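Participant: Sending over model_12.txt (compact mmCIF, C-alpha atoms).
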```txt
# COMPACT_ATOMS: atom_id res chain seq x y z
CA MET H 154 37.72 -12.10 16.19
CA LYS H 155 39.21 -11.72 12.72
CA HIS H 156 36.91 -14.41 11.40
CA GLN H 157 33.70 -12.77 12.65
CA PRO H 158 33.21 -10.39 9.68
CA THR H 159 33.76 -13.27 7.25
CA LYS H 160 31.26 -15.47 9.10
CA LYS H 161 28.76 -12.63 9.14
CA ILE H 162 29.12 -12.09 5.39
CA ILE H 163 28.69 -15.83 4.73
CA LYS H 164 25.59 -15.94 6.94
CA GLN H 165 24.03 -12.94 5.21
CA GLY H 166 24.90 -14.44 1.82
CA CYS H 167 23.16 -17.70 2.74
CA GLN H 168 20.10 -15.81 3.91
CA LEU H 169 19.97 -13.84 0.66
CA LEU H 170 20.41 -17.05 -1.36
CA LEU H 171 17.56 -18.69 0.56
CA PHE H 172 15.42 -15.63 -0.07
CA LEU H 173 16.09 -15.68 -3.83
CA LEU H 174 15.52 -19.44 -4.01
CA LEU H 175 12.17 -19.15 -2.25
CA MET H 176 11.18 -16.28 -4.54
CA ALA H 177 12.08 -18.30 -7.66
CA LEU H 178 10.20 -21.38 -6.45
CA THR H 179 7.18 -19.28 -5.51
CA PHE H 180 6.92 -17.62 -8.92
CA TYR H 181 7.49 -20.91 -10.73
CA THR H 182 4.82 -22.73 -8.70
CA ILE H 183 2.23 -20.06 -9.42
CA PHE H 184 3.16 -19.12 -13.00
CA HIS H 185 3.26 -22.63 -14.44
CA ASN H 186 -0.41 -23.20 -13.56
CA ASN H 187 -1.68 -19.95 -15.12
CA ASP H 188 -2.15 -18.50 -18.56
CA ILE H 189 0.48 -15.74 -18.92
CA GLY H 190 -1.60 -13.94 -21.52
CA GLU H 191 -4.58 -13.87 -19.20
CA ILE H 192 -2.44 -12.45 -16.43
CA PHE H 193 -1.13 -9.61 -18.58
CA THR H 194 -4.65 -8.83 -19.79
CA ALA H 195 -5.75 -8.48 -16.17
CA LEU H 196 -2.74 -6.30 -15.41
CA LYS H 197 -3.59 -3.95 -18.28
CA SER H 198 -7.14 -3.58 -16.98
CA LEU H 199 -5.95 -2.19 -13.62
CA GLN H 200 -7.02 1.42 -13.17
CA PRO H 201 -3.96 3.67 -12.57
CA SER H 202 -5.69 5.71 -9.84
CA TYR H 203 -6.26 2.63 -7.68
CA PHE H 204 -2.72 1.42 -8.35
CA PHE H 205 -1.36 4.80 -7.20
CA LEU H 206 -3.46 4.69 -4.02
CA ALA H 207 -2.22 1.15 -3.33
CA VAL H 208 1.39 2.32 -3.61
CA LEU H 209 0.61 5.15 -1.19
CA CYS H 210 -0.81 2.60 1.28
CA ALA H 211 2.41 0.58 1.10
CA LEU H 212 4.54 3.68 1.66
CA PHE H 213 2.23 4.72 4.50
CA PHE H 214 2.84 1.33 6.15
CA VAL H 215 6.62 1.79 6.33
CA CYS H 216 6.60 5.52 6.98
CA THR H 217 4.16 5.16 9.87
CA GLU H 218 6.70 3.00 11.68
CA GLY H 219 9.29 5.71 11.02
CA PHE H 220 6.89 8.29 12.43
CA MET H 221 6.41 6.22 15.60
CA ILE H 222 10.17 5.83 16.02
CA TRP H 223 10.53 9.60 15.70
CA TYR H 224 7.58 10.25 18.03
CA LEU H 225 8.83 7.91 20.77
CA LEU H 226 12.49 8.96 20.48
CA ARG H 227 11.41 12.56 21.11
CA LEU H 228 10.02 11.41 24.47
CA THR H 229 13.49 10.15 25.44
CA GLY H 230 14.95 13.59 24.77
CA LYS H 231 17.03 12.81 21.69
CA ALA H 232 15.69 12.26 18.20
CA PRO H 233 16.85 12.67 14.60
CA GLY H 234 14.68 14.27 11.96
CA LEU H 235 11.50 12.61 10.73
CA ILE H 236 12.98 11.80 7.30
CA ARG H 237 15.90 10.04 8.95
CA CYS H 238 13.46 7.94 10.99
CA PHE H 239 11.73 6.96 7.74
CA GLY H 240 15.14 5.68 6.70
CA TYR H 241 15.39 3.53 9.84
CA SER H 242 12.02 2.02 8.99
CA PHE H 243 13.00 1.14 5.41
CA ILE H 244 16.27 -0.39 6.62
CA GLY H 245 14.36 -2.46 9.15
CA PHE H 246 11.88 -3.60 6.50
CA PHE H 247 14.67 -4.76 4.18
CA PHE H 248 16.52 -6.83 6.78
CA SER H 249 13.25 -8.19 8.19
CA GLY H 250 12.25 -9.24 4.67
CA ILE H 251 15.37 -11.27 3.93
CA THR H 252 15.79 -12.97 7.33
CA PRO H 253 13.70 -15.82 8.81
CA SER H 254 10.93 -14.65 11.17
CA ALA H 255 11.98 -11.05 10.45
CA THR H 256 14.81 -11.31 13.00
CA GLY H 257 17.25 -9.00 11.22
CA GLY H 258 15.25 -5.78 11.15
CA GLN H 259 15.71 -4.37 14.63
CA PRO H 260 19.46 -5.17 14.96
CA ALA H 261 20.08 -3.30 11.69
CA GLN H 262 18.05 -0.34 12.95
CA LEU H 263 19.97 -0.31 16.23
CA VAL H 264 23.27 -0.20 14.33
CA SER H 265 22.08 2.75 12.24
CA MET H 266 20.84 4.62 15.29
CA LYS H 267 24.09 4.00 17.14
CA LYS H 268 26.07 5.43 14.22
CA ASP H 269 23.86 8.52 14.39
CA GLY H 270 24.83 9.03 18.01
CA ILE H 271 21.53 7.93 19.55
CA PRO H 272 22.17 6.23 22.93
CA LEU H 273 21.66 2.47 22.78
CA GLY H 274 19.24 2.57 25.73
CA ASP H 275 16.97 5.09 23.99
CA SER H 276 16.96 3.27 20.66
CA THR H 277 16.40 -0.14 22.28
CA LEU H 278 13.54 1.22 24.38
CA THR H 279 11.88 2.81 21.34
CA LEU H 280 12.16 -0.23 19.08
CA MET H 281 10.92 -2.57 21.81
CA ALA H 282 7.87 -0.36 22.29
CA VAL H 283 7.19 -0.31 18.54
CA ALA H 284 7.62 -4.08 18.25
CA LEU H 285 5.36 -4.83 21.22
CA LEU H 286 2.60 -2.53 19.93
CA TYR H 287 2.90 -4.10 16.48
CA LYS H 288 2.44 -7.62 17.84
CA LEU H 289 -0.26 -6.57 20.30
CA VAL H 290 -2.40 -4.96 17.59
CA LEU H 291 -1.97 -8.04 15.38
CA VAL H 292 -3.03 -10.37 18.21
CA LEU H 293 -6.08 -8.25 19.12
CA THR H 294 -7.08 -8.18 15.45
CA GLY H 295 -6.75 -11.95 15.23
CA ILE H 296 -8.78 -12.54 18.38
CA GLY H 297 -11.44 -10.10 17.18
CA LEU H 298 -11.69 -11.97 13.88
CA LEU H 299 -12.02 -15.28 15.66
CA PHE H 300 -14.81 -14.11 17.98
CA PHE H 301 -16.80 -11.79 15.72
CA ARG H 302 -16.20 -12.97 12.13
CA ARG H 303 -15.46 -16.66 12.48
CA ASP H 304 -17.90 -17.32 9.64
CA ILE H 305 -15.61 -15.52 7.18
CA LEU H 306 -12.57 -17.41 8.42
CA TYR H 307 -14.13 -20.85 8.07
CA THR H 308 -15.71 -20.02 4.70
CA TYR H 309 -12.62 -18.71 2.94
CA LEU H 310 -9.58 -20.11 4.77
CA GLY H 311 -10.71 -23.73 4.58
CA GLY H 312 -7.73 -26.00 5.18
CA TYR H 313 -5.60 -23.03 6.26
CA MET H 314 -7.56 -22.58 9.50
CA ALA H 315 -4.96 -24.70 11.31
CA LEU H 316 -2.27 -22.30 10.11
CA TYR H 317 -4.38 -19.36 11.29
CA TYR H 318 -4.69 -20.88 14.76
CA LEU H 319 -0.95 -21.55 14.80
CA GLY H 320 -0.11 -18.00 13.77
CA LEU H 321 -2.46 -16.51 16.34
CA PHE H 322 -1.09 -18.82 19.05
CA LEU H 323 2.56 -17.98 18.28
CA ASN H 324 1.90 -14.23 18.19
CA SER H 325 -0.14 -14.40 21.39
CA LEU H 326 2.54 -16.47 23.11
CA LEU H 327 5.19 -13.92 22.17
CA VAL H 328 3.10 -11.04 23.50
CA VAL H 329 2.38 -12.91 26.76
CA LEU H 330 6.07 -13.73 27.24
CA LEU H 331 7.05 -10.10 26.63
CA LEU H 332 4.44 -8.89 29.11
CA LEU H 333 5.65 -11.44 31.69
CA VAL H 334 9.21 -10.21 31.23
CA MET H 335 8.01 -6.63 31.71
CA PHE H 336 5.83 -7.27 34.79
CA HIS H 337 7.71 -10.19 36.38
CA GLY H 338 11.25 -9.70 35.19
CA GLN H 339 13.10 -11.42 38.02
CA TRP H 340 10.83 -14.46 37.86
CA MET H 341 11.30 -14.73 34.09
CA GLU H 342 15.08 -14.35 34.43
CA ARG H 343 15.16 -17.22 36.93
CA LEU H 344 13.04 -19.28 34.53
CA LEU H 345 15.48 -18.61 31.69
CA LEU H 346 18.42 -19.58 33.87
CA SER H 347 16.63 -22.79 34.91
CA ALA H 348 15.99 -23.61 31.26
CA GLU H 349 19.67 -23.01 30.56
CA GLN H 350 20.63 -25.44 33.34
CA ILE H 351 18.36 -28.11 31.87
CA GLY H 352 19.94 -27.54 28.46
CA ILE H 353 23.42 -27.91 29.96
CA ARG H 354 22.50 -31.17 31.71
CA LEU H 355 21.07 -32.55 28.47
CA HIS H 356 24.24 -31.41 26.64
CA LEU H 357 22.19 -29.12 24.38
CA CYS H 358 24.32 -26.09 25.26
CA ARG H 359 27.31 -25.06 27.32
CA LEU H 360 27.59 -22.77 30.30
CA SER H 361 28.01 -19.21 29.02
CA GLU H 362 28.38 -16.05 31.08
CA LYS H 363 27.75 -14.04 27.93
CA ARG H 364 24.37 -15.75 27.49
CA ARG H 365 23.46 -14.96 31.09
CA GLU H 366 24.41 -11.33 30.55
CA VAL H 367 22.11 -11.29 27.51
CA PHE H 368 19.26 -12.73 29.63
CA HIS H 369 19.79 -10.09 32.30
CA ARG H 370 20.11 -7.22 29.83
CA THR H 371 17.01 -8.28 27.86
CA VAL H 372 14.89 -8.50 31.00
CA ALA H 373 16.18 -5.11 32.17
CA ASP H 374 15.40 -3.56 28.77
CA TYR H 375 11.81 -4.79 28.79
CA GLN H 376 11.29 -3.63 32.36
CA SER H 377 12.53 -0.22 31.24
CA THR H 378 9.96 -0.40 28.44
CA LEU H 379 7.22 -1.01 31.04
CA GLY H 380 8.34 2.05 32.96
CA PHE H 381 8.35 4.01 29.72
CA PHE H 382 4.77 2.88 28.98
CA LEU H 383 3.52 3.80 32.45
CA THR H 384 5.19 7.21 32.32
CA HIS H 385 3.74 8.12 28.91
CA LYS H 386 0.35 6.39 28.86
CA SER H 387 -1.43 8.84 26.54
CA LYS H 388 1.54 8.89 24.15
CA ILE H 389 1.62 5.09 24.01
CA LEU H 390 -2.12 4.96 23.29
CA PHE H 391 -1.59 7.34 20.40
CA ALA H 392 1.28 5.15 19.13
CA ALA H 393 -1.01 2.09 19.41
CA PHE H 394 -3.65 3.90 17.32
CA CYS H 395 -0.98 4.69 14.71
CA THR H 396 0.00 1.01 14.71
CA PHE H 397 -3.62 0.04 14.06
CA LEU H 398 -3.78 2.43 11.11
CA GLN H 399 -0.46 1.06 9.88
CA ARG H 400 -1.81 -2.50 9.85
CA CYS H 401 -5.05 -1.45 8.17
CA SER H 402 -3.15 0.27 5.36
CA LEU H 403 -1.84 -3.07 4.06
CA PHE H 404 -5.25 -4.68 4.37
CA LEU H 405 -6.80 -1.76 2.46
CA LEU H 406 -4.16 -2.14 -0.25
CA THR H 407 -5.67 -5.46 -1.34
CA TYR H 408 -9.14 -3.93 -1.59
CA LEU H 409 -7.80 -1.08 -3.74
CA ILE H 410 -6.35 -3.61 -6.18
CA TYR H 411 -9.69 -5.44 -6.10
CA ARG H 412 -11.57 -2.27 -7.08
CA GLY H 413 -8.88 -1.27 -9.54
CA MET H 414 -9.57 -4.44 -11.50
CA GLY H 415 -13.19 -3.46 -11.90
CA LEU H 416 -14.56 -5.85 -9.25
CA SER H 417 -17.18 -4.80 -6.70
CA ASP H 418 -19.12 -7.86 -5.47
CA PHE H 419 -17.33 -7.99 -2.09
CA HIS H 420 -17.43 -5.34 0.62
CA ALA H 421 -14.21 -3.59 1.64
CA ILE H 422 -14.39 -5.00 5.18
CA THR H 423 -14.57 -8.58 3.90
CA VAL H 424 -11.52 -8.18 1.65
CA MET H 425 -9.55 -6.43 4.38
CA LEU H 426 -10.40 -9.08 6.98
CA LEU H 427 -9.32 -11.87 4.64
CA GLN H 428 -5.98 -10.13 4.05
CA ALA H 429 -5.61 -9.65 7.81
CA ALA H 430 -6.19 -13.39 8.31
CA ILE H 431 -3.38 -14.19 5.87
CA TYR H 432 -0.94 -11.88 7.66
CA ILE H 433 -1.80 -13.33 11.05
CA SER H 434 -1.31 -16.87 9.72
CA VAL H 435 2.15 -16.34 8.21
CA ASP H 436 3.64 -13.58 10.39
CA MET H 437 5.61 -15.86 12.73
CA LEU H 438 6.67 -18.52 10.23
CA PRO H 439 10.49 -18.93 9.90
CA LEU H 440 10.59 -18.00 6.20
CA PRO H 441 12.24 -14.84 4.81
CA GLY H 442 9.40 -12.47 4.05
CA SER H 443 6.94 -15.38 4.54
CA GLN H 444 7.61 -16.17 0.91
CA GLY H 445 5.82 -19.04 -0.74
CA ILE H 446 3.22 -19.64 1.94
CA SER H 447 1.86 -16.06 1.63
CA GLU H 448 1.31 -16.47 -2.10
CA LEU H 449 -0.14 -19.96 -1.84
CA MET H 450 -2.52 -18.94 0.92
CA TYR H 451 -3.56 -15.84 -1.02
CA HIS H 452 -4.28 -18.02 -4.05
CA THR H 453 -6.68 -20.18 -2.00
CA VAL H 454 -8.34 -17.55 0.19
CA PHE H 455 -9.03 -15.01 -2.56
CA ALA H 456 -10.06 -17.49 -5.28
CA PRO H 457 -13.79 -16.71 -4.78
CA VAL H 458 -13.07 -12.96 -4.56
CA PHE H 459 -10.88 -12.21 -7.59
CA THR H 460 -12.91 -13.74 -10.39
CA GLY H 461 -12.71 -13.55 -14.18
CA GLY H 462 -9.04 -14.49 -14.43
CA THR H 463 -7.85 -11.70 -12.12
CA LEU H 464 -6.65 -13.84 -9.20
CA ALA H 465 -3.02 -14.43 -10.27
CA ALA H 466 -2.57 -10.87 -11.51
CA SER H 467 -4.01 -9.43 -8.29
CA MET H 468 -1.62 -11.53 -6.24
CA TYR H 469 1.43 -10.37 -8.20
CA ILE H 470 0.38 -6.74 -7.90
CA THR H 471 -0.60 -6.91 -4.22
CA ARG H 472 2.50 -8.83 -3.18
CA GLY H 473 4.68 -6.78 -5.51
CA ILE H 474 3.58 -3.48 -3.97
CA SER H 475 3.29 -4.55 -0.34
CA PHE H 476 6.55 -6.52 -0.21
CA TYR H 477 8.89 -6.43 -3.22
CA LEU H 478 8.55 -2.69 -3.91
CA LEU H 479 9.16 -1.88 -0.25
CA LEU H 480 12.02 -4.36 -0.19
CA LEU H 481 13.61 -2.57 -3.16
CA LEU H 482 13.21 0.81 -1.46
CA GLY H 483 14.69 -0.71 1.69
CA PHE H 484 17.63 -1.99 -0.32
CA LEU H 485 18.22 1.51 -1.69
CA ALA H 486 18.07 2.88 1.87
CA VAL H 487 20.65 0.29 2.95
CA CYS H 488 22.90 1.25 0.00
CA LYS H 489 22.66 4.89 0.99
CA GLU H 490 23.38 3.96 4.60
CA TYR H 491 26.43 1.75 4.06
CA CYS H 492 27.85 2.82 0.69
CA PHE H 493 27.52 6.59 0.77
CA ARG H 494 27.60 7.32 4.50
CA ARG H 495 31.25 8.45 4.41
CA ALA H 496 30.29 11.25 2.07
CA SER H 497 27.98 12.72 4.71
CA ALA H 498 28.97 14.75 7.75
CA ASP H 499 30.23 12.91 10.81
CA ALA H 500 28.02 14.87 13.19
CA PRO H 501 25.14 12.97 14.89
CA TYR H 502 21.68 13.40 13.42
CA PHE H 503 19.90 13.82 16.74
CA GLN H 504 19.31 17.05 18.54
CA SER H 505 18.54 17.42 22.22
CA ARG H 506 14.93 18.34 22.83
```
Before anything else, please render the file you have as structure tokens.

Facilitator:
Amino acid sequence: MKHQPTKKIIKQGCQLLLFLLLMALTFYTIFHNNDIGEIFTALKSLQPSYFFLAVLCALFFVCTEGFMIWYLLRLTGKAPGLIRCFGYSFIGFFFSGITPSATGGQPAQLVSMKKDGIPLGDSTLTLMAVALLYKLVLVLTGIGLLFFRRDILYTYLGGYMALYYLGLFLNSLLVVLLLLVMFHGQWMERLLLSAEQIGIRLHLCRLSEKRREVFHRTVADYQSTLGFFLTHKSKILFAAFCTFLQRCSLFLLTYLIYRGMGLSDFHAITVMLLQAAIYISVDMLPLPGSQGISELMYHTVFAPVFTGGTLAASMYITRGISFYLLLLLGFLAVCKEYCFRRASADAPYFQSR
């Protein structure tokens, strides 16, 4: 047990190192093929009003998740203030950004909520609902694109269509599995145990009671989420609508940068749909923050859109606002959470409703 904190620190250090390495390789790959002077000229041409609106869209994206956490926690009877829930969202964004497949966000949020005195069952239920709605909206958007605007996908994605299909498949598979766990929990638990037995026979893993407890607890949590959904149908529909607006805010951000650079040949819907296609393609890839592939795909997809030497600059601005700026704010939220928490009162943040 004494070695667990050390192992955790080493693991987090390796993840951060991988993140920084990917960031360095990404910037090198893109910068060395572009004229730096041309990029800075394009940056100077960006209209401040559009830049400001783009920053607001990025903040809206993270704060909307915080609003949904606050909104759903209130239904459980115990919730902290709205500003504190914004903090949970920024903490989740930071840890999601530096871990592969965004696996570190929710555990970090659960830890923060637990320290605030929020019952683990309530926080788990809320975050599961938020995560499921997030994935569900992304999948429905992807399917809608495929059925109604396939022409745009094939025209602009080109060789990345395979990646789009993979991203849509992985997201859809995750949503289907989560729904199966919610509606057929006992069947899914037996399936997981059968898979464990196969793994043991093939010497891929060892028998573990702790693992089985995790299976049982996870299934129970998702079945509780189903009950929560059925009990608050209208509230969940409102949260789903908020999730849709949240997703659209990042897609709109790219269009604002497009207009801010004095470009107007493409309609807002086209630019937003192309950005949505990129997010769907890279969302489930096991890379911290989807670094590298997001930039490379952007460079290909938006080449016909951002003309006149604005492509590279638009990518740096769009990615900088939608990811690196939010990551920095998330880092500051984490610093406040873990470095200055002792200076705050020990009383829980939540209040019974």

Participant: Could you tell me how far CA of Val208 (chain H) sits from CA of Gly483 (chain H), in Å to one decimal place?

Facilitator: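 Distance reported for this atom pair: 14.6 Å.
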
Participant: Taking into account all atoms listed in the file, which residue in the set H:Ala429, H:Phe247, H:Phe484, H:Met437 is nearest to Leu323 (chain H)?

Facilitator: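 Answer, going by the shortest atom-to-atom distance: H:Met437.
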
Participant: Give the answer as one residue: which of H:Arg227, H:Leu330, H:Ser325, H:Lys197 has the shortest atom-to-atom distance to Lys288 (chain H), using all atoms listed in the file?

Facilitator: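 Closest to Lys288 (chain H), using all atoms listed in the file: H:Ser325.
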
Participant: So, counting only C-alpha atoms, which residue among H:His420, H:Arg354, H:Arg472, H:Arg412 is closest to Pro201 (chain H)?

Facilitator: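 The shortest atom-to-atom distance to Pro201 (chain H) comes from H:Arg412.
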
Participant: I'd like to know which of H:Leu480, H:Ala284, H:Ala207, H:Leu278 is closest to Leu225 (chain H), using all atoms listed in the file.

Facilitator: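 Among H:Leu480, H:Ala284, H:Ala207, H:Leu278, it is H:Leu278 that comes nearest to Leu225 (chain H).
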
Participant: H:Gly240, H:Gly295, H:Pro260, H:Pro253: which is nearest Val215 (chain H), counting only C-alpha atoms?

Facilitator: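 Distance minimum relative to Val215 (chain H) lands on H:Gly240.
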
Participant: Counting only C-alpha atoms, which residues of region 450-501 of chain H fall within 10 Å of region 297-314 of chain H, and what is the closest atom pair for each with its distance in Å at one decimal, ordered by chain and rising number, as JSON lines?

Facilitator:
```
{"residue": "H:Met450", "atom": "CA", "partner": "H:Tyr313", "partner_atom": "CA", "distance": 7.4}
{"residue": "H:Tyr451", "atom": "CA", "partner": "H:Leu310", "partner_atom": "CA", "distance": 9.4}
{"residue": "H:Thr453", "atom": "CA", "partner": "H:Leu310", "partner_atom": "CA", "distance": 7.4}
{"residue": "H:Val454", "atom": "CA", "partner": "H:Tyr309", "partner_atom": "CA", "distance": 5.2}
{"residue": "H:Phe455", "atom": "CA", "partner": "H:Tyr309", "partner_atom": "CA", "distance": 7.5}
{"residue": "H:Ala456", "atom": "CA", "partner": "H:Tyr309", "partner_atom": "CA", "distance": 8.7}
{"residue": "H:Pro457", "atom": "CA", "partner": "H:Tyr309", "partner_atom": "CA", "distance": 8.1}
{"residue": "H:Val458", "atom": "CA", "partner": "H:Tyr309", "partner_atom": "CA", "distance": 9.5}
```

Participant: I need the residue nearest Leu326 (chain H) from this list: H:Ala393, H:Ile351, H:Phe239, H:Leu289. Use only C-alpha atoms for the distance.

Facilitator: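 Nearest to Leu326 (chain H): H:Leu289.
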
Participant: Could you work out how far CA of Leu293 (chain H) lies from CA of Gln399 (chain H), giving the answer in Å with one decimal?

Facilitator: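 Interatomic distance, CA of Gln399 (chain H) to CA of Leu293 (chain H): 14.3 Å.
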
Participant: I need every residue sitting at most 6 Å from the point (9.7, 8.5, 10.9) (coordinates as in the file, all atoms listed in the file considered), written as an mmCIF file with C-alpha atoms, in the coordinates of the input.

Facilitator:
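Writing the result to out.cif gives the following:
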```
data_model
loop_
_atom_site.group_PDB
_atom_site.id
_atom_site.type_symbol
_atom_site.label_atom_id
_atom_site.label_comp_id
_atom_site.auth_asym_id
_atom_site.auth_seq_id
_atom_site.Cartn_x
_atom_site.Cartn_y
_atom_site.Cartn_z
ATOM 1 C CA CYS H 216 6.600 5.520 6.980
ATOM 2 C CA GLY H 219 9.290 5.710 11.020
ATOM 3 C CA PHE H 220 6.890 8.290 12.430
ATOM 4 C CA ILE H 222 10.170 5.830 16.020
ATOM 5 C CA TRP H 223 10.530 9.600 15.700
ATOM 6 C CA LEU H 235 11.500 12.610 10.730
ATOM 7 C CA ILE H 236 12.980 11.800 7.300
ATOM 8 C CA CYS H 238 13.460 7.940 10.990
ATOM 9 C CA PHE H 239 11.730 6.960 7.740
#
```

Participant: Quick check, in Å to one decimal: how far apart do CA of Phe459 (chain H) and CA of Ile296 (chain H) lie?

Facilitator: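 Interatomic distance here is 26.1 Å.
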